[in-house]
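Enquirer: One structure is given below, represented as C-alpha coordinates, and several questions about it will come after.
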Amino acid sequence: MTFDQQWIEYDFNPFILFNSGGKIVSLNTEAQYLLGAIEASAIYKIATTYANSSFGFKTTFLELEFGRFKFFGITVGYEDEEQIGIRLYQLPSFQFTAQKPDGQLINVYTLIDLCISSNSIGSSTKYLKELDPTIPEIRLQTEIFIKLLNKIYISMGGNEKILTRLFFRVGEHIKFEGEKYSLFSIEISSDKMIRKFLPEITHLSEENNLFVDIKENKIIINVPMIVK
(Lines give C-alpha, C1' and ligand atoms only; values in the text may rest on other atoms or scores of the structure.)
Protein backbone atom coordinates (compact mmCIF):
# COMPACT_ATOMS: atom_id res chain seq x y z
CA MET A 1 0.00 0.00 0.00
CA THR A 2 1.46 3.37 -1.04
CA PHE A 3 1.58 6.38 1.27
CA ASP A 4 -1.29 8.02 -0.64
CA GLN A 5 -3.36 4.86 -0.34
CA GLN A 6 -2.72 4.74 3.41
CA TRP A 7 -4.08 8.27 3.77
CA ILE A 8 -7.31 7.18 2.10
CA GLU A 9 -7.49 3.92 4.05
CA TYR A 10 -7.24 5.62 7.44
CA ASP A 11 -9.27 8.71 6.61
CA PHE A 12 -12.04 9.52 9.10
CA ASN A 13 -14.34 10.10 6.10
CA PRO A 14 -15.74 7.18 4.05
CA PHE A 15 -14.42 6.80 0.49
CA ILE A 16 -15.87 4.40 -2.09
CA LEU A 17 -14.84 3.81 -5.71
CA PHE A 18 -17.49 2.26 -8.00
CA ASN A 19 -17.31 0.87 -11.52
CA SER A 20 -19.81 1.93 -14.19
CA GLY A 21 -22.21 -0.82 -13.11
CA GLY A 22 -22.37 0.35 -9.49
CA LYS A 23 -20.12 -2.40 -8.14
CA ILE A 24 -17.54 -1.47 -5.52
CA VAL A 25 -13.95 -1.42 -6.81
CA SER A 26 -12.36 -0.26 -3.54
CA LEU A 27 -13.27 1.38 -0.25
CA ASN A 28 -11.59 2.45 2.96
CA THR A 29 -12.13 1.21 6.51
CA GLU A 30 -14.66 3.88 7.48
CA ALA A 31 -16.72 3.09 4.36
CA GLN A 32 -16.92 -0.55 5.48
CA TYR A 33 -18.59 0.61 8.70
CA LEU A 34 -20.93 2.87 6.71
CA LEU A 35 -22.09 -0.01 4.52
CA GLY A 36 -23.37 -1.70 7.64
CA ALA A 37 -25.99 1.07 7.78
CA ILE A 38 -26.88 1.61 4.10
CA GLU A 39 -26.78 -0.35 0.85
CA ALA A 40 -23.94 0.38 -1.57
CA SER A 41 -26.50 0.97 -4.32
CA ALA A 42 -27.87 3.97 -2.40
CA ILE A 43 -24.40 5.52 -2.14
CA TYR A 44 -23.82 4.88 -5.85
CA LYS A 45 -27.08 6.67 -6.67
CA ILE A 46 -25.97 9.68 -4.61
CA ALA A 47 -22.62 9.70 -6.43
CA THR A 48 -24.19 9.66 -9.90
CA THR A 49 -26.80 12.25 -8.89
CA TYR A 50 -24.27 14.79 -7.63
CA ALA A 51 -21.49 14.09 -10.13
CA ASN A 52 -20.20 16.91 -12.32
CA SER A 53 -21.88 17.12 -15.72
CA SER A 54 -18.47 16.56 -17.34
CA PHE A 55 -15.33 14.78 -16.17
CA GLY A 56 -13.81 16.14 -12.98
CA PHE A 57 -14.62 16.67 -9.32
CA LYS A 58 -17.55 18.36 -7.63
CA THR A 59 -18.09 19.11 -3.94
CA THR A 60 -21.63 19.55 -2.66
CA PHE A 61 -22.67 20.56 0.85
CA LEU A 62 -25.77 18.69 1.97
CA GLU A 63 -26.98 16.87 5.06
CA LEU A 64 -27.12 13.06 4.95
CA GLU A 65 -27.87 10.65 7.78
CA PHE A 66 -27.61 6.84 7.74
CA GLY A 67 -28.03 5.28 11.17
CA ARG A 68 -25.35 6.72 13.46
CA PHE A 69 -23.55 8.31 10.48
CA LYS A 70 -24.16 11.97 9.73
CA PHE A 71 -22.54 13.89 6.87
CA PHE A 72 -22.38 17.56 5.90
CA GLY A 73 -21.07 17.21 2.36
CA ILE A 74 -19.66 14.99 -0.41
CA THR A 75 -17.06 15.13 -3.17
CA VAL A 76 -17.73 13.11 -6.32
CA GLY A 77 -15.09 12.62 -9.00
CA TYR A 78 -14.57 10.71 -12.25
CA GLU A 79 -12.08 10.91 -15.11
CA ASP A 80 -13.73 8.45 -17.50
CA GLU A 81 -16.90 6.40 -17.90
CA GLU A 82 -15.43 3.37 -16.16
CA GLN A 83 -15.16 4.49 -12.51
CA ILE A 84 -16.62 7.06 -10.15
CA GLY A 85 -15.57 7.85 -6.60
CA ILE A 86 -17.31 9.50 -3.68
CA ARG A 87 -16.00 10.83 -0.38
CA LEU A 88 -18.52 11.66 2.35
CA TYR A 89 -17.55 14.27 4.95
CA GLN A 90 -18.53 13.00 8.34
CA LEU A 91 -20.01 15.28 10.98
CA PRO A 92 -18.22 14.60 14.28
CA SER A 93 -20.39 12.48 16.56
CA PHE A 94 -18.71 13.83 19.69
CA GLN A 95 -18.91 17.05 21.65
CA PHE A 96 -16.44 18.46 24.12
CA THR A 97 -17.33 20.02 27.43
CA ALA A 98 -17.26 23.81 27.59
CA GLN A 99 -14.26 23.64 29.91
CA LYS A 100 -10.84 23.87 28.30
CA PRO A 101 -8.59 20.88 29.14
CA ASP A 102 -5.73 21.82 31.44
CA GLY A 103 -2.65 20.14 32.92
CA GLN A 104 0.97 19.84 31.89
CA LEU A 105 2.52 19.89 28.43
CA ILE A 106 3.19 16.23 27.66
CA ASN A 107 4.64 14.08 24.90
CA VAL A 108 1.71 11.86 23.97
CA TYR A 109 3.99 9.30 22.25
CA THR A 110 5.87 8.78 25.51
CA LEU A 111 2.62 8.17 27.42
CA ILE A 112 1.39 5.69 24.80
CA ASP A 113 4.70 3.79 24.93
CA LEU A 114 4.64 3.82 28.74
CA CYS A 115 1.14 2.34 28.90
CA ILE A 116 1.85 -0.27 26.21
CA SER A 117 5.03 -1.28 28.03
CA SER A 118 3.26 -1.74 31.38
CA ASN A 119 0.33 -3.65 29.87
CA SER A 120 2.51 -5.93 27.75
CA ILE A 121 4.35 -7.37 30.76
CA GLY A 122 3.50 -11.08 30.99
CA SER A 123 1.09 -10.80 28.06
CA SER A 124 1.19 -12.64 24.73
CA THR A 125 -0.78 -9.85 23.04
CA LYS A 126 1.02 -8.12 20.16
CA TYR A 127 0.81 -4.33 20.46
CA LEU A 128 0.90 -2.60 17.06
CA LYS A 129 1.27 1.15 16.47
CA GLU A 130 0.51 3.49 13.58
CA LEU A 131 1.39 6.94 14.87
CA ASP A 132 1.47 10.24 13.01
CA PRO A 133 4.90 11.59 14.03
CA THR A 134 3.95 15.28 13.82
CA ILE A 135 1.77 15.70 16.94
CA PRO A 136 3.41 18.31 19.23
CA GLU A 137 3.43 18.30 23.02
CA ILE A 138 -0.12 18.95 24.22
CA ARG A 139 -1.66 19.98 27.53
CA LEU A 140 -3.29 17.17 29.53
CA GLN A 141 -3.53 15.93 33.11
CA THR A 142 -0.82 13.28 32.90
CA GLU A 143 -1.88 11.02 35.77
CA ILE A 144 -5.54 10.85 34.75
CA PHE A 145 -4.66 10.45 31.07
CA ILE A 146 -2.38 7.49 31.86
CA LYS A 147 -5.22 5.93 33.88
CA LEU A 148 -7.51 6.38 30.87
CA LEU A 149 -5.09 4.75 28.44
CA ASN A 150 -4.35 1.89 30.83
CA LYS A 151 -8.04 1.19 31.40
CA ILE A 152 -8.64 1.03 27.63
CA TYR A 153 -5.76 -1.43 27.17
CA ILE A 154 -7.07 -3.51 30.09
CA SER A 155 -10.52 -3.58 28.48
CA MET A 156 -8.94 -5.17 25.39
CA GLY A 157 -6.76 -7.64 27.26
CA GLY A 158 -6.63 -11.22 25.99
CA ASN A 159 -6.74 -10.34 22.30
CA GLU A 160 -4.12 -11.64 19.89
CA LYS A 161 -3.24 -8.07 18.92
CA ILE A 162 -4.16 -4.51 19.84
CA LEU A 163 -3.66 -1.66 17.37
CA THR A 164 -3.02 1.92 18.51
CA ARG A 165 -3.40 4.66 15.89
CA LEU A 166 -2.72 8.36 16.37
CA PHE A 167 -3.92 10.72 13.63
CA PHE A 168 -5.09 14.26 12.91
CA ARG A 169 -8.80 14.85 12.43
CA VAL A 170 -8.46 16.71 9.14
CA GLY A 171 -10.66 19.79 8.85
CA GLU A 172 -12.04 19.54 12.39
CA HIS A 173 -11.46 21.90 15.29
CA ILE A 174 -12.96 23.18 18.53
CA LYS A 175 -13.08 26.63 20.09
CA PHE A 176 -12.31 27.52 23.70
CA GLU A 177 -12.65 31.16 24.77
CA GLY A 178 -12.83 32.22 21.13
CA GLU A 179 -9.58 30.47 20.15
CA LYS A 180 -9.59 27.65 17.60
CA TYR A 181 -7.74 24.36 18.25
CA SER A 182 -7.08 21.50 15.85
CA LEU A 183 -8.01 17.96 16.90
CA PHE A 184 -6.30 14.61 16.85
CA SER A 185 -7.42 11.15 17.90
CA ILE A 186 -5.92 8.14 19.61
CA GLU A 187 -7.73 5.06 18.32
CA ILE A 188 -7.22 1.74 20.13
CA SER A 189 -8.80 -1.32 18.52
CA SER A 190 -8.89 -5.11 18.83
CA ASP A 191 -11.18 -8.01 17.96
CA LYS A 192 -13.17 -7.67 21.18
CA MET A 193 -13.31 -5.69 24.39
CA ILE A 194 -14.47 -6.23 27.96
CA ARG A 195 -17.42 -3.86 28.13
CA LYS A 196 -17.73 -3.75 31.92
CA PHE A 197 -14.83 -1.26 31.92
CA LEU A 198 -16.62 1.21 29.61
CA PRO A 199 -18.33 3.30 32.34
CA GLU A 200 -14.98 3.87 34.06
CA ILE A 201 -13.37 4.74 30.72
CA THR A 202 -16.08 7.32 30.08
CA HIS A 203 -15.65 8.76 33.58
CA LEU A 204 -11.86 9.09 33.19
CA SER A 205 -12.28 10.85 29.85
CA GLU A 206 -14.67 13.35 31.45
CA GLU A 207 -12.10 14.04 34.17
CA ASN A 208 -9.69 14.96 31.36
CA ASN A 209 -12.39 17.15 29.76
CA LEU A 210 -12.16 14.87 26.71
CA PHE A 211 -14.68 12.72 24.88
CA VAL A 212 -14.25 9.03 24.13
CA ASP A 213 -16.11 7.58 21.15
CA ILE A 214 -16.83 3.90 21.87
CA LYS A 215 -17.57 1.65 18.91
CA GLU A 216 -17.99 -2.10 18.52
CA ASN A 217 -14.31 -3.03 18.51
CA LYS A 218 -12.45 0.23 19.11
CA ILE A 219 -12.25 3.23 21.42
CA ILE A 220 -11.28 6.67 20.13
CA ILE A 221 -9.97 9.43 22.40
CA ASN A 222 -10.55 12.84 20.75
CA VAL A 223 -8.04 15.43 21.90
CA PRO A 224 -7.74 19.20 21.23
CA MET A 225 -4.18 20.30 20.46
CA ILE A 226 -3.58 22.84 23.21
CA VAL A 227 0.15 23.51 22.99
CA LYS A 228 0.68 26.41 25.38
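Residues in the C-alpha coordinates are named by chain (A, B, ... in the order shown) and by number from 1 within that chain; ligands are numbered from 1 in the order shown.
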Could I get the residues of segment 86-144 of chain A with an atom no further than 7 Å from an atom of segment 161-174 of chain A, each paired with its nearest atom pair and that distance in Å to one decimal, using only C-alpha atoms, sorted by chain and residue number, as JSON lines?
Expert:
{"residue": "A:Thr125", "atom": "CA", "partner": "A:Lys161", "partner_atom": "CA", "distance": 5.1}
{"residue": "A:Lys126", "atom": "CA", "partner": "A:Lys161", "partner_atom": "CA", "distance": 4.4}
{"residue": "A:Tyr127", "atom": "CA", "partner": "A:Ile162", "partner_atom": "CA", "distance": 5.0}
{"residue": "A:Leu128", "atom": "CA", "partner": "A:Leu163", "partner_atom": "CA", "distance": 4.7}
{"residue": "A:Lys129", "atom": "CA", "partner": "A:Thr164", "partner_atom": "CA", "distance": 4.8}
{"residue": "A:Glu130", "atom": "CA", "partner": "A:Arg165", "partner_atom": "CA", "distance": 4.7}
{"residue": "A:Leu131", "atom": "CA", "partner": "A:Leu166", "partner_atom": "CA", "distance": 4.6}
{"residue": "A:Asp132", "atom": "CA", "partner": "A:Phe167", "partner_atom": "CA", "distance": 5.4}
Enquirer: For the residues selected in the previous step, produce a file with N, CA and C atoms as a PDB file, in the first residue's frame.
Expert:
ATOM      1  N   THR A 125      -0.161 -10.747  24.007  1.00  0.00           N
ATOM      2  CA  THR A 125      -0.776  -9.845  23.037  1.00  0.00           C
ATOM      3  C   THR A 125       0.288  -9.055  22.282  1.00  0.00           C
ATOM      4  N   LYS A 126       0.104  -8.912  20.979  1.00  0.00           N
ATOM      5  CA  LYS A 126       1.015  -8.118  20.162  1.00  0.00           C
ATOM      6  C   LYS A 126       0.452  -6.701  20.061  1.00  0.00           C
ATOM      7  N   TYR A 127       1.232  -5.726  20.497  1.00  0.00           N
ATOM      8  CA  TYR A 127       0.810  -4.329  20.459  1.00  0.00           C
ATOM      9  C   TYR A 127       1.384  -3.655  19.206  1.00  0.00           C
ATOM     10  N   LEU A 128       0.503  -3.241  18.314  1.00  0.00           N
ATOM     11  CA  LEU A 128       0.899  -2.604  17.063  1.00  0.00           C
ATOM     12  C   LEU A 128       0.617  -1.106  17.146  1.00  0.00           C
ATOM     13  N   LYS A 129       1.436  -0.301  16.442  1.00  0.00           N
ATOM     14  CA  LYS A 129       1.270   1.147  16.472  1.00  0.00           C
ATOM     15  C   LYS A 129       1.341   1.731  15.069  1.00  0.00           C
ATOM     16  N   GLU A 130       0.457   2.676  14.800  1.00  0.00           N
ATOM     17  CA  GLU A 130       0.508   3.492  13.584  1.00  0.00           C
ATOM     18  C   GLU A 130       0.324   4.933  14.037  1.00  0.00           C
ATOM     19  N   LEU A 131       1.430   5.634  14.231  1.00  0.00           N
ATOM     20  CA  LEU A 131       1.390   6.941  14.871  1.00  0.00           C
ATOM     21  C   LEU A 131       1.865   8.037  13.930  1.00  0.00           C
ATOM     22  N   ASP A 132       1.034   9.052  13.731  1.00  0.00           N
ATOM     23  CA  ASP A 132       1.466  10.242  13.006  1.00  0.00           C
ATOM     24  C   ASP A 132       2.575  10.897  13.831  1.00  0.00           C
TER      25      ASP A 132
END
Enquirer: Counting only C-alpha atoms, what is within 8 Å of segment 30-38 of chain A, bar same-chain residues fewer than 5 positions away, as a list in words?
Expert: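 Close residues of segment 30-38 of chain A: Glu9, Tyr10, Asp11, Phe12, Asn13, Pro14, Phe15, Ile16, Ile43, Phe66, Gly67 and Phe69 of chain A.
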Enquirer: Once you have the residues from the selection above, write them out as a PDB file, in the first residue's frame, restricted to N, CA, C and O atoms.
Expert:
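Dumped to selection.pdb:
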ATOM      1  N   GLU A   9      -7.057   5.054   3.237  1.00  0.00           N
ATOM      2  CA  GLU A   9      -7.494   3.922   4.052  1.00  0.00           C
ATOM      3  C   GLU A   9      -7.845   4.355   5.467  1.00  0.00           C
ATOM      4  O   GLU A   9      -8.832   3.908   6.053  1.00  0.00           O
ATOM      5  N   TYR A  10      -7.046   5.246   6.042  1.00  0.00           N
ATOM      6  CA  TYR A  10      -7.242   5.622   7.438  1.00  0.00           C
ATOM      7  C   TYR A  10      -7.956   6.956   7.614  1.00  0.00           C
ATOM      8  O   TYR A  10      -7.999   7.500   8.712  1.00  0.00           O
ATOM      9  N   ASP A  11      -8.513   7.470   6.522  1.00  0.00           N
ATOM     10  CA  ASP A  11      -9.274   8.715   6.606  1.00  0.00           C
ATOM     11  C   ASP A  11     -10.511   8.516   7.478  1.00  0.00           C
ATOM     12  O   ASP A  11     -11.166   7.472   7.434  1.00  0.00           O
ATOM     13  N   PHE A  12     -10.833   9.533   8.259  1.00  0.00           N
ATOM     14  CA  PHE A  12     -12.035   9.518   9.098  1.00  0.00           C
ATOM     15  C   PHE A  12     -13.299   9.527   8.240  1.00  0.00           C
ATOM     16  O   PHE A  12     -14.366   9.116   8.686  1.00  0.00           O
ATOM     17  N   ASN A  13     -13.186   9.991   7.001  1.00  0.00           N
ATOM     18  CA  ASN A  13     -14.339  10.101   6.100  1.00  0.00           C
ATOM     19  C   ASN A  13     -14.408   8.903   5.151  1.00  0.00           C
ATOM     20  O   ASN A  13     -13.390   8.503   4.578  1.00  0.00           O
ATOM     21  N   PRO A  14     -15.600   8.326   4.962  1.00  0.00           N
ATOM     22  CA  PRO A  14     -15.743   7.181   4.052  1.00  0.00           C
ATOM     23  C   PRO A  14     -15.414   7.545   2.601  1.00  0.00           C
ATOM     24  O   PRO A  14     -15.790   8.624   2.129  1.00  0.00           O
ATOM     25  N   PHE A  15     -14.717   6.645   1.917  1.00  0.00           N
ATOM     26  CA  PHE A  15     -14.422   6.803   0.492  1.00  0.00           C
ATOM     27  C   PHE A  15     -14.760   5.492  -0.214  1.00  0.00           C
ATOM     28  O   PHE A  15     -14.367   4.419   0.241  1.00  0.00           O
ATOM     29  N   ILE A  16     -15.495   5.593  -1.325  1.00  0.00           N
ATOM     30  CA  ILE A  16     -15.868   4.405  -2.093  1.00  0.00           C
ATOM     31  C   ILE A  16     -15.638   4.690  -3.566  1.00  0.00           C
ATOM     32  O   ILE A  16     -16.020   5.749  -4.082  1.00  0.00           O
ATOM     33  N   ILE A  43     -25.539   4.618  -2.051  1.00  0.00           N
ATOM     34  CA  ILE A  43     -24.400   5.519  -2.141  1.00  0.00           C
ATOM     35  C   ILE A  43     -24.039   5.774  -3.604  1.00  0.00           C
ATOM     36  O   ILE A  43     -23.710   6.900  -3.997  1.00  0.00           O
ATOM     37  N   PHE A  66     -27.374   8.283   7.896  1.00  0.00           N
ATOM     38  CA  PHE A  66     -27.606   6.845   7.743  1.00  0.00           C
ATOM     39  C   PHE A  66     -27.267   6.184   9.074  1.00  0.00           C
ATOM     40  O   PHE A  66     -26.090   5.992   9.385  1.00  0.00           O
ATOM     41  N   GLY A  67     -28.279   5.847   9.852  1.00  0.00           N
ATOM     42  CA  GLY A  67     -28.030   5.276  11.172  1.00  0.00           C
ATOM     43  C   GLY A  67     -27.284   6.267  12.045  1.00  0.00           C
ATOM     44  O   GLY A  67     -27.688   7.418  12.184  1.00  0.00           O
ATOM     45  N   PHE A  69     -24.416   7.498  11.328  1.00  0.00           N
ATOM     46  CA  PHE A  69     -23.548   8.308  10.481  1.00  0.00           C
ATOM     47  C   PHE A  69     -24.274   9.563  10.015  1.00  0.00           C
ATOM     48  O   PHE A  69     -25.379   9.491   9.484  1.00  0.00           O
TER      49      PHE A  69
END
Enquirer: With only C-alpha atoms as the counted atoms, please give the residues lying no more than 6 Å from Asn217 of chain A, apart from itself and same-chain residues fewer than 3 positions off, as a CSV table (one decimal) with all heavy atoms, in the first residue's frame.
Expert:
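out.csv, written as the output of this step:
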chain,number,residue,atom,x,y,z
A,189,SER,N,-7.8,-0.3,19.0
A,189,SER,CA,-8.8,-1.3,18.5
A,189,SER,C,-8.3,-2.7,18.7
A,189,SER,O,-7.1,-3.0,18.7
A,189,SER,CB,-9.1,-1.1,17.0
A,189,SER,OG,-8.0,-1.1,16.2
A,190,SER,N,-9.2,-3.7,18.7
A,190,SER,CA,-8.9,-5.1,18.8
A,190,SER,C,-10.1,-5.9,18.4
A,190,SER,O,-11.1,-5.3,18.0
A,190,SER,CB,-8.5,-5.5,20.2
A,190,SER,OG,-9.5,-5.2,21.2
A,191,ASP,N,-10.0,-7.2,18.4
A,191,ASP,CA,-11.2,-8.0,18.0
A,191,ASP,C,-12.4,-7.9,18.9
A,191,ASP,O,-13.5,-8.0,18.5
A,191,ASP,CB,-10.8,-9.5,17.8
A,191,ASP,CG,-9.8,-9.7,16.6
A,191,ASP,OD1,-9.9,-8.9,15.7
A,191,ASP,OD2,-9.0,-10.6,16.7
A,192,LYS,N,-12.1,-7.7,20.2
A,192,LYS,CA,-13.2,-7.7,21.2
A,192,LYS,C,-12.7,-6.9,22.4
A,192,LYS,O,-11.5,-6.7,22.6
A,192,LYS,CB,-13.6,-9.1,21.6
A,192,LYS,CG,-12.5,-9.9,22.2
A,192,LYS,CD,-12.9,-11.3,22.5
A,192,LYS,CE,-11.7,-12.1,23.1
A,192,LYS,NZ,-12.1,-13.5,23.4
Enquirer: Rank nothing, just name the residue among A:Tyr109, A:Ile154, A:Ile144, A:Leu27 nearest to Gln6 of chain A, using only C-alpha atoms.
Expert: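 The answer is A:Leu27, which sits nearest to Gln6 of chain A.
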Enquirer: Got a sec to tell me which of segment 74-225 of chain A DSSP assigns to strand (DSSP E), as an MDAnalysis selection string?
Expert: chainID A and resid 74:78 83:90 104:106 126:131 138:140 161:176 179:189 211:214 218:224
Enquirer: Write down as a list in words the residues belonging to segment 108-157 of chain A that are assigned helix (DSSP H, G or I) by DSSP computed on the backbone.
Expert: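 Output for segment 108-157 of chain A, helix (DSSP H, G or I) only: Val108, Tyr109, Thr110, Leu111, Ile112, Asp113, Leu114, Cys115, Ile116, Ser117, Ser118, Asn119, Ser120, Thr142, Glu143, Ile144, Phe145, Ile146, Lys147, Leu148, Leu149, Asn150, Lys151, Ile152, Tyr153, Ile154 and Ser155 of chain A.
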Enquirer: With only C-alpha atoms as the basis for distance, which of A:Gly21, A:Gly103, A:Gly158, A:Gly178 is at the shortest distance from Asn209 of chain A?
Expert: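 Smallest distance to Asn209 of chain A is found for A:Gly103.
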Enquirer: Which distance in Å separates atom CA of Pro224 of chain A and atom CA of Asn208 of chain A, to one decimal?
Expert: 11.2 Å
